[in-house]
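Here's target18.txt, which has compact mmCIF, N, CA and C atoms:
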# COMPACT_ATOMS: atom_id res chain seq x y z
N MET A 17 -22.56 -29.37 19.36
CA MET A 17 -22.01 -29.66 18.05
C MET A 17 -22.91 -29.04 16.98
N ALA A 18 -22.30 -28.43 15.98
CA ALA A 18 -23.05 -27.78 14.92
C ALA A 18 -23.66 -28.82 13.99
N LYS A 19 -24.86 -28.53 13.53
CA LYS A 19 -25.55 -29.45 12.62
C LYS A 19 -25.37 -28.99 11.20
N GLY A 20 -25.36 -29.93 10.26
CA GLY A 20 -25.27 -29.60 8.86
C GLY A 20 -23.89 -29.86 8.28
N HIS A 21 -23.80 -29.69 7.00
CA HIS A 21 -22.54 -29.91 6.30
C HIS A 21 -21.60 -28.74 6.57
N ARG A 22 -20.30 -28.99 6.42
CA ARG A 22 -19.29 -27.98 6.71
C ARG A 22 -19.49 -26.73 5.87
N SER A 23 -19.82 -26.88 4.58
CA SER A 23 -20.03 -25.71 3.73
C SER A 23 -21.27 -24.92 4.15
N GLN A 24 -22.29 -25.61 4.62
CA GLN A 24 -23.49 -24.94 5.10
C GLN A 24 -23.20 -24.14 6.37
N ILE A 25 -22.39 -24.70 7.24
CA ILE A 25 -22.02 -24.01 8.48
C ILE A 25 -21.22 -22.75 8.15
N LYS A 26 -20.30 -22.85 7.19
CA LYS A 26 -19.51 -21.69 6.79
C LYS A 26 -20.39 -20.62 6.15
N ARG A 27 -21.35 -21.04 5.34
CA ARG A 27 -22.26 -20.10 4.69
C ARG A 27 -23.06 -19.33 5.73
N GLU A 28 -23.55 -20.02 6.75
CA GLU A 28 -24.32 -19.36 7.81
C GLU A 28 -23.45 -18.41 8.61
N ARG A 29 -22.20 -18.82 8.86
CA ARG A 29 -21.31 -17.97 9.64
C ARG A 29 -20.95 -16.70 8.87
N ASN A 30 -20.74 -16.82 7.55
CA ASN A 30 -20.40 -15.66 6.73
C ASN A 30 -21.60 -14.77 6.44
N ALA A 31 -22.81 -15.29 6.58
CA ALA A 31 -24.01 -14.50 6.30
C ALA A 31 -24.19 -13.38 7.32
N ASN A 32 -23.86 -13.64 8.58
CA ASN A 32 -24.03 -12.61 9.61
C ASN A 32 -22.69 -11.97 9.99
N ARG A 33 -21.77 -11.87 9.00
CA ARG A 33 -20.51 -11.20 9.21
C ARG A 33 -20.70 -9.70 9.08
N ASP A 34 -19.92 -8.93 9.83
CA ASP A 34 -20.00 -7.47 9.79
C ASP A 34 -19.39 -6.97 8.48
N ILE A 35 -20.15 -6.20 7.70
CA ILE A 35 -19.67 -5.73 6.40
C ILE A 35 -19.23 -4.27 6.44
N ARG A 36 -19.22 -3.67 7.62
CA ARG A 36 -18.77 -2.28 7.71
C ARG A 36 -17.26 -2.22 7.47
N PRO A 37 -16.78 -1.14 6.83
CA PRO A 37 -15.34 -1.03 6.58
C PRO A 37 -14.59 -0.78 7.89
N SER A 38 -13.43 -1.41 8.02
CA SER A 38 -12.67 -1.26 9.26
C SER A 38 -11.19 -1.39 8.96
N ALA A 39 -10.39 -1.06 9.96
CA ALA A 39 -8.94 -1.24 9.90
C ALA A 39 -8.46 -1.59 11.30
N LYS A 40 -7.44 -2.44 11.35
CA LYS A 40 -6.93 -2.90 12.64
C LYS A 40 -5.41 -2.78 12.65
N LEU A 41 -4.89 -2.25 13.75
CA LEU A 41 -3.45 -2.13 13.96
C LEU A 41 -3.08 -3.06 15.10
N SER A 42 -2.31 -4.10 14.79
CA SER A 42 -1.92 -5.06 15.82
C SER A 42 -0.53 -4.71 16.34
N LEU A 43 -0.32 -5.00 17.60
CA LEU A 43 0.97 -4.85 18.27
C LEU A 43 1.49 -3.42 18.22
N ALA A 44 0.62 -2.44 18.40
CA ALA A 44 1.05 -1.04 18.43
C ALA A 44 1.80 -0.79 19.73
N ARG A 45 2.95 -0.14 19.65
CA ARG A 45 3.78 0.07 20.83
C ARG A 45 3.30 1.27 21.64
N VAL A 46 2.08 1.19 22.10
CA VAL A 46 1.50 2.21 22.97
C VAL A 46 0.55 1.47 23.90
N SER A 47 0.47 1.87 25.14
CA SER A 47 -0.40 1.16 26.07
C SER A 47 -1.87 1.43 25.73
N THR A 48 -2.71 0.54 26.19
CA THR A 48 -4.13 0.63 25.88
C THR A 48 -4.76 1.89 26.46
N THR A 49 -4.38 2.25 27.67
CA THR A 49 -4.98 3.42 28.30
C THR A 49 -4.60 4.70 27.57
N LYS A 50 -3.34 4.79 27.10
CA LYS A 50 -2.91 5.99 26.38
C LYS A 50 -3.60 6.08 25.02
N ALA A 51 -3.82 4.94 24.38
CA ALA A 51 -4.52 4.95 23.10
C ALA A 51 -5.99 5.31 23.29
N CYS A 52 -6.59 4.89 24.39
CA CYS A 52 -8.01 5.16 24.64
C CYS A 52 -8.28 6.65 24.85
N PHE A 53 -7.31 7.41 25.37
CA PHE A 53 -7.49 8.86 25.51
C PHE A 53 -7.75 9.50 24.15
N VAL A 54 -7.00 9.06 23.14
CA VAL A 54 -7.16 9.61 21.80
C VAL A 54 -8.43 9.08 21.14
N LEU A 55 -8.72 7.79 21.33
CA LEU A 55 -9.90 7.19 20.72
C LEU A 55 -11.19 7.80 21.27
N ASP A 56 -11.20 8.15 22.55
CA ASP A 56 -12.38 8.77 23.14
C ASP A 56 -12.68 10.12 22.51
N ALA A 57 -11.64 10.82 22.05
CA ALA A 57 -11.82 12.15 21.46
C ALA A 57 -12.46 12.09 20.08
N ILE A 58 -12.29 10.96 19.36
CA ILE A 58 -12.79 10.89 17.98
C ILE A 58 -14.00 9.98 17.82
N ARG A 59 -14.40 9.28 18.86
CA ARG A 59 -15.51 8.32 18.74
C ARG A 59 -16.81 9.03 18.39
N GLY A 60 -17.49 8.57 17.32
CA GLY A 60 -18.76 9.13 16.91
C GLY A 60 -18.66 10.33 15.98
N LYS A 61 -17.47 10.85 15.77
CA LYS A 61 -17.29 12.03 14.92
C LYS A 61 -17.22 11.61 13.45
N ASP A 62 -17.47 12.58 12.56
CA ASP A 62 -17.30 12.27 11.15
C ASP A 62 -15.80 12.29 10.82
N VAL A 63 -15.44 11.73 9.67
CA VAL A 63 -14.04 11.46 9.36
C VAL A 63 -13.21 12.74 9.24
N THR A 64 -13.74 13.78 8.62
CA THR A 64 -12.96 15.01 8.45
C THR A 64 -12.69 15.68 9.79
N THR A 65 -13.67 15.67 10.68
CA THR A 65 -13.47 16.23 12.02
C THR A 65 -12.45 15.42 12.81
N ALA A 66 -12.55 14.09 12.70
CA ALA A 66 -11.61 13.22 13.42
C ALA A 66 -10.18 13.41 12.93
N GLU A 67 -10.01 13.58 11.61
CA GLU A 67 -8.67 13.82 11.07
C GLU A 67 -8.09 15.13 11.58
N ALA A 68 -8.94 16.16 11.70
CA ALA A 68 -8.48 17.45 12.23
C ALA A 68 -8.09 17.33 13.70
N ILE A 69 -8.87 16.59 14.47
CA ILE A 69 -8.55 16.39 15.90
C ILE A 69 -7.22 15.67 16.04
N LEU A 70 -7.01 14.63 15.23
CA LEU A 70 -5.79 13.84 15.33
C LEU A 70 -4.56 14.63 14.85
N ALA A 71 -4.75 15.54 13.90
CA ALA A 71 -3.63 16.31 13.39
C ALA A 71 -3.06 17.25 14.44
N TYR A 72 -3.91 17.77 15.32
CA TYR A 72 -3.45 18.74 16.32
C TYR A 72 -3.38 18.17 17.73
N ASN A 73 -3.53 16.87 17.87
CA ASN A 73 -3.40 16.23 19.18
C ASN A 73 -1.92 15.92 19.42
N PRO A 74 -1.35 16.36 20.55
CA PRO A 74 0.09 16.17 20.75
C PRO A 74 0.50 14.76 21.19
N ARG A 75 -0.43 13.88 21.46
CA ARG A 75 -0.08 12.55 21.96
C ARG A 75 0.55 11.69 20.86
N TYR A 76 1.40 10.76 21.28
CA TYR A 76 2.07 9.86 20.34
C TYR A 76 1.07 8.95 19.64
N ALA A 77 0.07 8.50 20.36
CA ALA A 77 -0.92 7.57 19.80
C ALA A 77 -1.74 8.21 18.69
N SER A 78 -1.84 9.54 18.67
CA SER A 78 -2.67 10.19 17.65
C SER A 78 -2.08 10.02 16.25
N ARG A 79 -0.74 9.91 16.14
CA ARG A 79 -0.12 9.66 14.82
C ARG A 79 -0.47 8.26 14.33
N LEU A 80 -0.40 7.28 15.23
CA LEU A 80 -0.73 5.91 14.85
C LEU A 80 -2.19 5.79 14.45
N ILE A 81 -3.06 6.40 15.22
CA ILE A 81 -4.49 6.31 14.97
C ILE A 81 -4.86 7.09 13.71
N GLY A 82 -4.14 8.18 13.43
CA GLY A 82 -4.37 8.94 12.20
C GLY A 82 -4.10 8.10 10.96
N LYS A 83 -2.99 7.36 10.97
CA LYS A 83 -2.68 6.48 9.85
C LYS A 83 -3.72 5.36 9.74
N LEU A 84 -4.15 4.85 10.88
CA LEU A 84 -5.15 3.78 10.89
C LEU A 84 -6.48 4.28 10.34
N LEU A 85 -6.85 5.52 10.67
CA LEU A 85 -8.08 6.10 10.15
C LEU A 85 -8.01 6.28 8.63
N GLN A 86 -6.86 6.73 8.13
CA GLN A 86 -6.69 6.86 6.68
C GLN A 86 -6.83 5.50 5.99
N SER A 87 -6.32 4.46 6.62
CA SER A 87 -6.44 3.11 6.05
C SER A 87 -7.89 2.65 6.03
N ALA A 88 -8.64 2.94 7.10
CA ALA A 88 -10.05 2.55 7.15
C ALA A 88 -10.86 3.31 6.09
N VAL A 89 -10.55 4.59 5.88
CA VAL A 89 -11.25 5.38 4.86
C VAL A 89 -10.94 4.84 3.47
N ALA A 90 -9.67 4.47 3.23
CA ALA A 90 -9.29 3.89 1.94
C ALA A 90 -10.01 2.56 1.71
N ASN A 91 -10.15 1.75 2.77
CA ASN A 91 -10.90 0.49 2.65
C ASN A 91 -12.35 0.75 2.28
N ALA A 92 -12.94 1.78 2.90
CA ALA A 92 -14.35 2.10 2.63
C ALA A 92 -14.54 2.57 1.20
N GLU A 93 -13.60 3.39 0.71
CA GLU A 93 -13.73 3.93 -0.65
C GLU A 93 -13.47 2.85 -1.71
N ASN A 94 -12.43 2.06 -1.52
CA ASN A 94 -12.03 1.10 -2.55
C ASN A 94 -12.83 -0.19 -2.51
N ASN A 95 -13.08 -0.72 -1.33
CA ASN A 95 -13.74 -2.03 -1.23
C ASN A 95 -15.26 -1.92 -1.19
N ASN A 96 -15.78 -0.87 -0.55
CA ASN A 96 -17.23 -0.76 -0.38
C ASN A 96 -17.86 0.34 -1.24
N GLY A 97 -17.06 1.17 -1.89
CA GLY A 97 -17.58 2.22 -2.75
C GLY A 97 -18.29 3.34 -2.01
N MET A 98 -17.88 3.61 -0.77
CA MET A 98 -18.52 4.67 0.03
C MET A 98 -17.79 5.99 -0.19
N ALA A 99 -18.51 7.10 0.00
CA ALA A 99 -17.92 8.43 -0.13
C ALA A 99 -17.37 8.87 1.23
N LYS A 100 -16.22 9.54 1.20
CA LYS A 100 -15.56 9.96 2.44
C LYS A 100 -16.40 10.96 3.24
N GLU A 101 -17.17 11.79 2.53
CA GLU A 101 -17.96 12.83 3.20
C GLU A 101 -19.07 12.24 4.09
N ASN A 102 -19.54 11.04 3.74
CA ASN A 102 -20.66 10.44 4.48
C ASN A 102 -20.22 9.52 5.61
N LEU A 103 -18.92 9.31 5.77
CA LEU A 103 -18.44 8.34 6.75
C LEU A 103 -18.31 8.96 8.14
N TYR A 104 -18.55 8.15 9.15
CA TYR A 104 -18.28 8.54 10.53
C TYR A 104 -17.72 7.33 11.28
N ILE A 105 -17.14 7.57 12.43
CA ILE A 105 -16.50 6.51 13.21
C ILE A 105 -17.57 5.86 14.08
N ALA A 106 -17.98 4.65 13.70
CA ALA A 106 -19.02 3.95 14.43
C ALA A 106 -18.46 3.33 15.70
N GLU A 107 -17.31 2.68 15.59
CA GLU A 107 -16.67 2.05 16.75
C GLU A 107 -15.18 2.30 16.67
N CYS A 108 -14.56 2.49 17.81
CA CYS A 108 -13.11 2.51 17.89
C CYS A 108 -12.72 2.07 19.30
N TYR A 109 -11.82 1.12 19.36
CA TYR A 109 -11.42 0.60 20.67
C TYR A 109 -10.00 0.07 20.60
N ALA A 110 -9.39 -0.05 21.77
CA ALA A 110 -8.03 -0.58 21.89
C ALA A 110 -8.07 -1.74 22.87
N ASN A 111 -7.64 -2.90 22.40
CA ASN A 111 -7.55 -4.08 23.25
C ASN A 111 -6.10 -4.32 23.64
N LYS A 112 -5.92 -5.00 24.75
CA LYS A 112 -4.60 -5.26 25.27
C LYS A 112 -3.87 -6.27 24.40
N GLY A 113 -2.61 -5.97 24.08
CA GLY A 113 -1.77 -6.89 23.33
C GLY A 113 -0.75 -7.53 24.25
N PRO A 114 0.19 -8.28 23.70
CA PRO A 114 1.21 -8.91 24.54
C PRO A 114 2.14 -7.87 25.15
N THR A 115 2.64 -8.16 26.33
CA THR A 115 3.52 -7.25 27.05
C THR A 115 4.96 -7.76 26.96
N MET A 116 5.88 -6.88 26.55
CA MET A 116 7.30 -7.25 26.54
C MET A 116 7.87 -6.96 27.92
N LYS A 117 8.56 -7.94 28.48
CA LYS A 117 9.12 -7.79 29.82
C LYS A 117 10.62 -7.54 29.70
N ARG A 118 11.07 -6.48 30.34
CA ARG A 118 12.48 -6.12 30.33
C ARG A 118 12.95 -5.96 31.78
N ILE A 119 14.27 -6.02 31.97
CA ILE A 119 14.84 -5.94 33.31
C ILE A 119 15.69 -4.68 33.42
N GLN A 120 15.49 -3.93 34.50
CA GLN A 120 16.28 -2.72 34.79
C GLN A 120 17.12 -3.00 36.03
N PRO A 121 18.46 -2.95 35.94
CA PRO A 121 19.27 -3.17 37.14
C PRO A 121 19.09 -2.03 38.14
N ARG A 122 19.02 -2.40 39.41
CA ARG A 122 18.85 -1.42 40.48
C ARG A 122 19.94 -1.60 41.52
N ALA A 123 19.87 -0.81 42.57
CA ALA A 123 20.91 -0.81 43.60
C ALA A 123 20.95 -2.15 44.35
N GLN A 124 22.14 -2.49 44.84
CA GLN A 124 22.38 -3.67 45.67
C GLN A 124 22.01 -4.97 44.96
N GLY A 125 22.22 -5.01 43.66
CA GLY A 125 22.03 -6.24 42.91
C GLY A 125 20.59 -6.61 42.61
N ARG A 126 19.68 -5.72 42.92
CA ARG A 126 18.28 -6.02 42.62
C ARG A 126 17.98 -5.77 41.15
N ALA A 127 16.84 -6.28 40.70
CA ALA A 127 16.40 -6.06 39.33
C ALA A 127 14.93 -5.69 39.34
N TYR A 128 14.59 -4.60 38.68
CA TYR A 128 13.19 -4.19 38.55
C TYR A 128 12.70 -4.58 37.17
N ARG A 129 11.45 -4.99 37.08
CA ARG A 129 10.87 -5.36 35.80
C ARG A 129 10.24 -4.12 35.14
N ILE A 130 10.53 -3.95 33.86
CA ILE A 130 9.89 -2.91 33.06
C ILE A 130 8.96 -3.61 32.09
N GLU A 131 7.72 -3.18 32.06
CA GLU A 131 6.74 -3.79 31.17
C GLU A 131 6.44 -2.83 30.03
N LYS A 132 6.79 -3.24 28.82
CA LYS A 132 6.52 -2.43 27.63
C LYS A 132 5.24 -2.98 27.01
N ARG A 133 4.17 -2.24 27.19
CA ARG A 133 2.85 -2.73 26.80
C ARG A 133 2.56 -2.44 25.34
N THR A 134 1.76 -3.32 24.73
CA THR A 134 1.31 -3.12 23.37
C THR A 134 -0.21 -3.19 23.35
N SER A 135 -0.80 -2.75 22.24
CA SER A 135 -2.25 -2.79 22.12
C SER A 135 -2.65 -3.09 20.69
N ASN A 136 -3.85 -3.59 20.53
CA ASN A 136 -4.45 -3.84 19.23
C ASN A 136 -5.58 -2.84 19.05
N ILE A 137 -5.43 -1.92 18.11
CA ILE A 137 -6.37 -0.82 17.93
C ILE A 137 -7.23 -1.11 16.70
N THR A 138 -8.54 -0.91 16.85
CA THR A 138 -9.49 -1.17 15.77
C THR A 138 -10.38 0.04 15.56
N ILE A 139 -10.59 0.41 14.28
CA ILE A 139 -11.52 1.48 13.92
C ILE A 139 -12.52 0.91 12.93
N VAL A 140 -13.82 1.11 13.22
CA VAL A 140 -14.89 0.66 12.35
C VAL A 140 -15.67 1.89 11.89
N LEU A 141 -15.84 2.03 10.58
CA LEU A 141 -16.56 3.17 10.02
C LEU A 141 -17.96 2.74 9.59
N ASN A 142 -18.83 3.74 9.41
CA ASN A 142 -20.16 3.49 8.89
C ASN A 142 -20.60 4.71 8.11
N GLU A 143 -21.65 4.56 7.33
CA GLU A 143 -22.14 5.64 6.49
C GLU A 143 -23.39 6.27 7.12
N ARG A 144 -23.47 7.59 7.06
CA ARG A 144 -24.66 8.28 7.59
C ARG A 144 -25.77 8.23 6.58
Before we go any further, please render this structure as structure tokens.
Amino acid sequence: MAKGHRSQIKRERNANRDIRPSAKLSLARVSTTKACFVLDAIRGKDVTTAEAILAYNPRYASRLIGKLLQSAVANAENNNGMAKENLYIAECYANKGPTMKRIQPRAQGRAYRIEKRTSNITIVLNER
């Protein structure tokens, strides 16, 4: 059990909160493994290089991640007052989201399950 008054506990919890600018896309209609292929290509790169990689990447997830990166850059500029030239991608990862289950009719009255996977994609930026 935590000790102290409720406001003191909240103050301590907010003191060690991550202040780096980030953006999160929930329930993206792309599987986690497919999103990770694109995220691996941009991890650790500066923002302008990452945008160029995403612009010419033919995968579907690269369009989603490109929009998410623009949102994270806008958060960094507007909320934290950081310059776009100094930003780089500190963390980027895709976590598993809920799976939609669908049924595909097959021969002889059988039914196959189709799993439409979703993912929660997060990009965290930092300044050099």
Check your understanding: as a ChimeraX atom specification, which residues of stretch 38-117 of chain A does DSSP assign to alpha helix (DSSP H)?
Key -> /A:48-58,63-71,76-95
Point to revise | Å distance separating atom CA of A:Glu131 from atom C of A:Ala44, one decimal place | key: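 Computing the Euclidean distance for atom CA of A:Glu131 and atom C of A:Ala44 yields 12.8 Å.
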Point to revise | Top pick for closest residue to A:Ile130, considering A:Ala51, A:Met116, A:Ala99, A:Val89 and counting all atoms listed in the file | key: A:Met116
Please, what is the axis-aligned box for every listed atom of stretch 91-101 of chain A with 6 Å on each side, as centre and edge lengths in Å to one decimal, as AutoDock Vina command-line options?
--center_x -14.6 --center_y 5.4 --center_z 0.7 --size_x 20.9 --size_y 26.9 --size_z 18.8
Go through stretch 85-142 of chain A and flag each residue having an atom no more than 7 Å from stretch 57-81 of chain A; for those, report the closest pair of atoms plus their distance in Å to one decimal, using only C-alpha atoms, ordered by chain and rising number, as a tab-separated table.
residue	atom	partner	partner_atom	distance
A:Leu85	CA	A:Ile81	CA	6.0
A:Leu103	CA	A:Val63	CA	6.0
A:Tyr104	CA	A:Asp62	CA	3.9
A:Ile105	CA	A:Gly60	CA	5.1
A:Ala106	CA	A:Gly60	CA	5.7
A:Glu107	CA	A:Arg59	CA	6.7
A:Cys108	CA	A:Arg59	CA	6.3
Take the residues that were just selected and, keeping N, CA and C atoms, output them as a PDB file, in the frame of the given file.
ATOM      1  N   LEU A  85      -6.850   5.520  10.670  1.00  0.00           N
ATOM      2  CA  LEU A  85      -8.080   6.100  10.150  1.00  0.00           C
ATOM      3  C   LEU A  85      -8.010   6.280   8.630  1.00  0.00           C
ATOM      4  N   LEU A 103     -18.920   9.310   5.770  1.00  0.00           N
ATOM      5  CA  LEU A 103     -18.440   8.340   6.750  1.00  0.00           C
ATOM      6  C   LEU A 103     -18.310   8.960   8.140  1.00  0.00           C
ATOM      7  N   TYR A 104     -18.550   8.150   9.150  1.00  0.00           N
ATOM      8  CA  TYR A 104     -18.280   8.540  10.530  1.00  0.00           C
ATOM      9  C   TYR A 104     -17.720   7.330  11.280  1.00  0.00           C
ATOM     10  N   ILE A 105     -17.140   7.570  12.430  1.00  0.00           N
ATOM     11  CA  ILE A 105     -16.500   6.510  13.210  1.00  0.00           C
ATOM     12  C   ILE A 105     -17.570   5.860  14.080  1.00  0.00           C
ATOM     13  N   ALA A 106     -17.980   4.650  13.700  1.00  0.00           N
ATOM     14  CA  ALA A 106     -19.020   3.950  14.430  1.00  0.00           C
ATOM     15  C   ALA A 106     -18.460   3.330  15.700  1.00  0.00           C
ATOM     16  N   GLU A 107     -17.310   2.680  15.590  1.00  0.00           N
ATOM     17  CA  GLU A 107     -16.670   2.050  16.750  1.00  0.00           C
ATOM     18  C   GLU A 107     -15.180   2.300  16.670  1.00  0.00           C
ATOM     19  N   CYS A 108     -14.560   2.490  17.810  1.00  0.00           N
ATOM     20  CA  CYS A 108     -13.110   2.510  17.890  1.00  0.00           C
ATOM     21  C   CYS A 108     -12.720   2.070  19.300  1.00  0.00           C
TER      22      CYS A 108
END
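Take the candidates A:Asn102, A:Ser23, A:Thr115, A:Ser87 and check each one against A:Leu41 using only C-alpha atoms; the shortest distance goes to A:Ser87.
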Exercise for review: Rounded to one decimal place, report the atom C of A:Ala31-atom CA of A:Asn142 distance in Å.
Suggested key: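 Distance reported for this atom pair: 17.4 Å.
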Check your understanding: Closest to A:Cys52 among A:Tyr109, A:Asn32, A:Arg22, A:Ser38, using only N, CA and C atoms?
Key -> A:Tyr109
Point to revise | Two-atom distance - atom CA of A:Lys132, atom CA of A:Lys117 (Å) | key: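 If I compute the distance from atom CA of A:Lys132 to atom CA of A:Lys117, I get 6.3 Å.
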Practice item. Can you work out which one of A:Val54, A:Val46, A:Ile119, A:Ala39 has the shortest atom-to-atom distance to A:Gln86, counting only C-alpha atoms? Key: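 With only C-alpha atoms as the atom set, the closest residue is A:Ala39.
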Point to revise | Sel. within 6 Å of pt (-5.1, -1.1, 14.9), counting only C-alpha atoms, output as a VMD selection string | key: chain A and resid 40 to 42 136 to 138
Check your understanding: Of the candidates A:Gly97, A:Gly125, A:Pro114, A:Gly20, which shows the shortest atom-to-atom distance to A:Arg36, using only C-alpha atoms?
Key -> A:Gly97
Point to revise | Within 7 Å of file point (-0.4, -0.3, 26.9), counting only C-alpha atoms, expressed as a list of chain:residue names | key: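 Those residues lying close to the given coordinates are A:Val46, A:Ser47, A:Thr48, A:Thr49, A:Lys50, A:Lys112, A:Arg133, A:Thr134, A:Ser135.
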Save stretch 17-99 of chain A to a file: C-alpha atoms, as a PDB file, in the first residue's frame.
ATOM      1  CA  MET A  17       0.000   0.000   0.000  1.00  0.00           C
ATOM      2  CA  ALA A  18       1.305   3.450  -0.892  1.00  0.00           C
ATOM      3  CA  LYS A  19       2.109   5.812   1.952  1.00  0.00           C
ATOM      4  CA  GLY A  20       1.134   9.464   2.079  1.00  0.00           C
ATOM      5  CA  HIS A  21      -1.754  11.592   0.973  1.00  0.00           C
ATOM      6  CA  ARG A  22      -3.380  11.027  -2.409  1.00  0.00           C
ATOM      7  CA  SER A  23      -2.095  14.348  -3.802  1.00  0.00           C
ATOM      8  CA  GLN A  24       1.437  13.534  -2.647  1.00  0.00           C
ATOM      9  CA  ILE A  25       1.289  10.141  -4.362  1.00  0.00           C
ATOM     10  CA  LYS A  26       0.114  11.786  -7.598  1.00  0.00           C
ATOM     11  CA  ARG A  27       2.870  14.402  -7.371  1.00  0.00           C
ATOM     12  CA  GLU A  28       5.523  11.697  -7.014  1.00  0.00           C
ATOM     13  CA  ARG A  29       4.065   9.690  -9.878  1.00  0.00           C
ATOM     14  CA  ASN A  30       4.007  12.738 -12.191  1.00  0.00           C
ATOM     15  CA  ALA A  31       7.549  13.762 -11.204  1.00  0.00           C
ATOM     16  CA  ASN A  32       9.134  10.762 -12.922  1.00  0.00           C
ATOM     17  CA  ARG A  33       6.866  10.888 -15.989  1.00  0.00           C
ATOM     18  CA  ASP A  34       8.498  10.735 -19.424  1.00  0.00           C
ATOM     19  CA  ILE A  35       8.540  14.256 -20.928  1.00  0.00           C
ATOM     20  CA  ARG A  36       9.820  13.289 -24.371  1.00  0.00           C
ATOM     21  CA  PRO A  37       7.419  14.134 -27.224  1.00  0.00           C
ATOM     22  CA  SER A  38       5.548  11.130 -28.572  1.00  0.00           C
ATOM     23  CA  ALA A  39       2.561  10.035 -30.628  1.00  0.00           C
ATOM     24  CA  LYS A  40       0.493   6.874 -30.423  1.00  0.00           C
ATOM     25  CA  LEU A  41      -1.768   5.235 -32.995  1.00  0.00           C
ATOM     26  CA  SER A  42      -4.254   2.835 -31.434  1.00  0.00           C
ATOM     27  CA  LEU A  43      -6.116   0.083 -33.267  1.00  0.00           C
ATOM     28  CA  ALA A  44      -4.154   0.408 -36.523  1.00  0.00           C
ATOM     29  CA  ARG A  45      -5.431  -2.149 -39.026  1.00  0.00           C
ATOM     30  CA  VAL A  46      -2.033  -3.700 -39.683  1.00  0.00           C
ATOM     31  CA  SER A  47      -0.454  -6.641 -37.912  1.00  0.00           C
ATOM     32  CA  THR A  48       2.340  -6.052 -35.447  1.00  0.00           C
ATOM     33  CA  THR A  49       4.937  -7.964 -37.447  1.00  0.00           C
ATOM     34  CA  LYS A  50       4.218  -6.000 -40.635  1.00  0.00           C
ATOM     35  CA  ALA A  51       4.441  -2.704 -38.756  1.00  0.00           C
ATOM     36  CA  CYS A  52       7.730  -3.758 -37.131  1.00  0.00           C
ATOM     37  CA  PHE A  53       9.390  -4.198 -40.552  1.00  0.00           C
ATOM     38  CA  VAL A  54       8.852  -0.493 -41.213  1.00  0.00           C
ATOM     39  CA  LEU A  55       9.679   0.604 -37.659  1.00  0.00           C
ATOM     40  CA  ASP A  56      13.003  -1.262 -37.748  1.00  0.00           C
ATOM     41  CA  ALA A  57      14.006   0.753 -40.831  1.00  0.00           C
ATOM     42  CA  ILE A  58      13.551   4.134 -39.104  1.00  0.00           C
ATOM     43  CA  ARG A  59      14.598   3.401 -35.507  1.00  0.00           C
ATOM     44  CA  GLY A  60      17.409   5.718 -34.367  1.00  0.00           C
ATOM     45  CA  LYS A  61      17.354   7.863 -37.516  1.00  0.00           C
ATOM     46  CA  ASP A  62      16.823  11.606 -37.561  1.00  0.00           C
ATOM     47  CA  VAL A  63      13.370  12.848 -38.551  1.00  0.00           C
ATOM     48  CA  THR A  64      14.164  14.066 -42.085  1.00  0.00           C
ATOM     49  CA  THR A  65      15.860  10.772 -42.990  1.00  0.00           C
ATOM     50  CA  ALA A  66      12.982   8.773 -41.507  1.00  0.00           C
ATOM     51  CA  GLU A  67      10.429  10.789 -43.498  1.00  0.00           C
ATOM     52  CA  ALA A  68      12.377  10.100 -46.709  1.00  0.00           C
ATOM     53  CA  ILE A  69      12.532   6.361 -45.929  1.00  0.00           C
ATOM     54  CA  LEU A  70       8.788   6.244 -45.249  1.00  0.00           C
ATOM     55  CA  ALA A  71       7.940   8.199 -48.408  1.00  0.00           C
ATOM     56  CA  TYR A  72       9.583   5.603 -50.662  1.00  0.00           C
ATOM     57  CA  ASN A  73       8.727   2.458 -48.700  1.00  0.00           C
ATOM     58  CA  PRO A  74       6.065   0.465 -50.595  1.00  0.00           C
ATOM     59  CA  ARG A  75       4.518  -1.169 -47.502  1.00  0.00           C
ATOM     60  CA  TYR A  76       1.034  -0.191 -46.325  1.00  0.00           C
ATOM     61  CA  ALA A  77       2.230   0.425 -42.772  1.00  0.00           C
ATOM     62  CA  SER A  78       4.682   3.096 -43.945  1.00  0.00           C
ATOM     63  CA  ARG A  79       1.790   5.484 -44.754  1.00  0.00           C
ATOM     64  CA  LEU A  80       0.332   5.051 -41.268  1.00  0.00           C
ATOM     65  CA  ILE A  81       3.698   5.463 -39.583  1.00  0.00           C
ATOM     66  CA  GLY A  82       4.492   8.507 -41.746  1.00  0.00           C
ATOM     67  CA  LYS A  83       1.378  10.283 -40.491  1.00  0.00           C
ATOM     68  CA  LEU A  84       2.203   9.231 -36.935  1.00  0.00           C
ATOM     69  CA  LEU A  85       5.738  10.627 -37.280  1.00  0.00           C
ATOM     70  CA  GLN A  86       4.359  13.962 -38.522  1.00  0.00           C
ATOM     71  CA  SER A  87       2.082  14.063 -35.476  1.00  0.00           C
ATOM     72  CA  ALA A  88       4.993  13.370 -33.108  1.00  0.00           C
ATOM     73  CA  VAL A  89       7.068  16.131 -34.754  1.00  0.00           C
ATOM     74  CA  ALA A  90       4.144  18.566 -34.430  1.00  0.00           C
ATOM     75  CA  ASN A  91       3.825  17.640 -30.732  1.00  0.00           C
ATOM     76  CA  ALA A  92       7.542  18.293 -30.230  1.00  0.00           C
ATOM     77  CA  GLU A  93       7.408  21.684 -31.961  1.00  0.00           C
ATOM     78  CA  ASN A  94       4.174  22.971 -30.424  1.00  0.00           C
ATOM     79  CA  ASN A  95       4.194  21.487 -26.922  1.00  0.00           C
ATOM     80  CA  ASN A  96       7.923  21.250 -26.148  1.00  0.00           C
ATOM     81  CA  GLY A  97       9.352  24.015 -28.374  1.00  0.00           C
ATOM     82  CA  MET A  98      11.907  21.711 -30.043  1.00  0.00           C
ATOM     83  CA  ALA A  99      13.346  22.280 -33.524  1.00  0.00           C
TER      84      ALA A  99
END
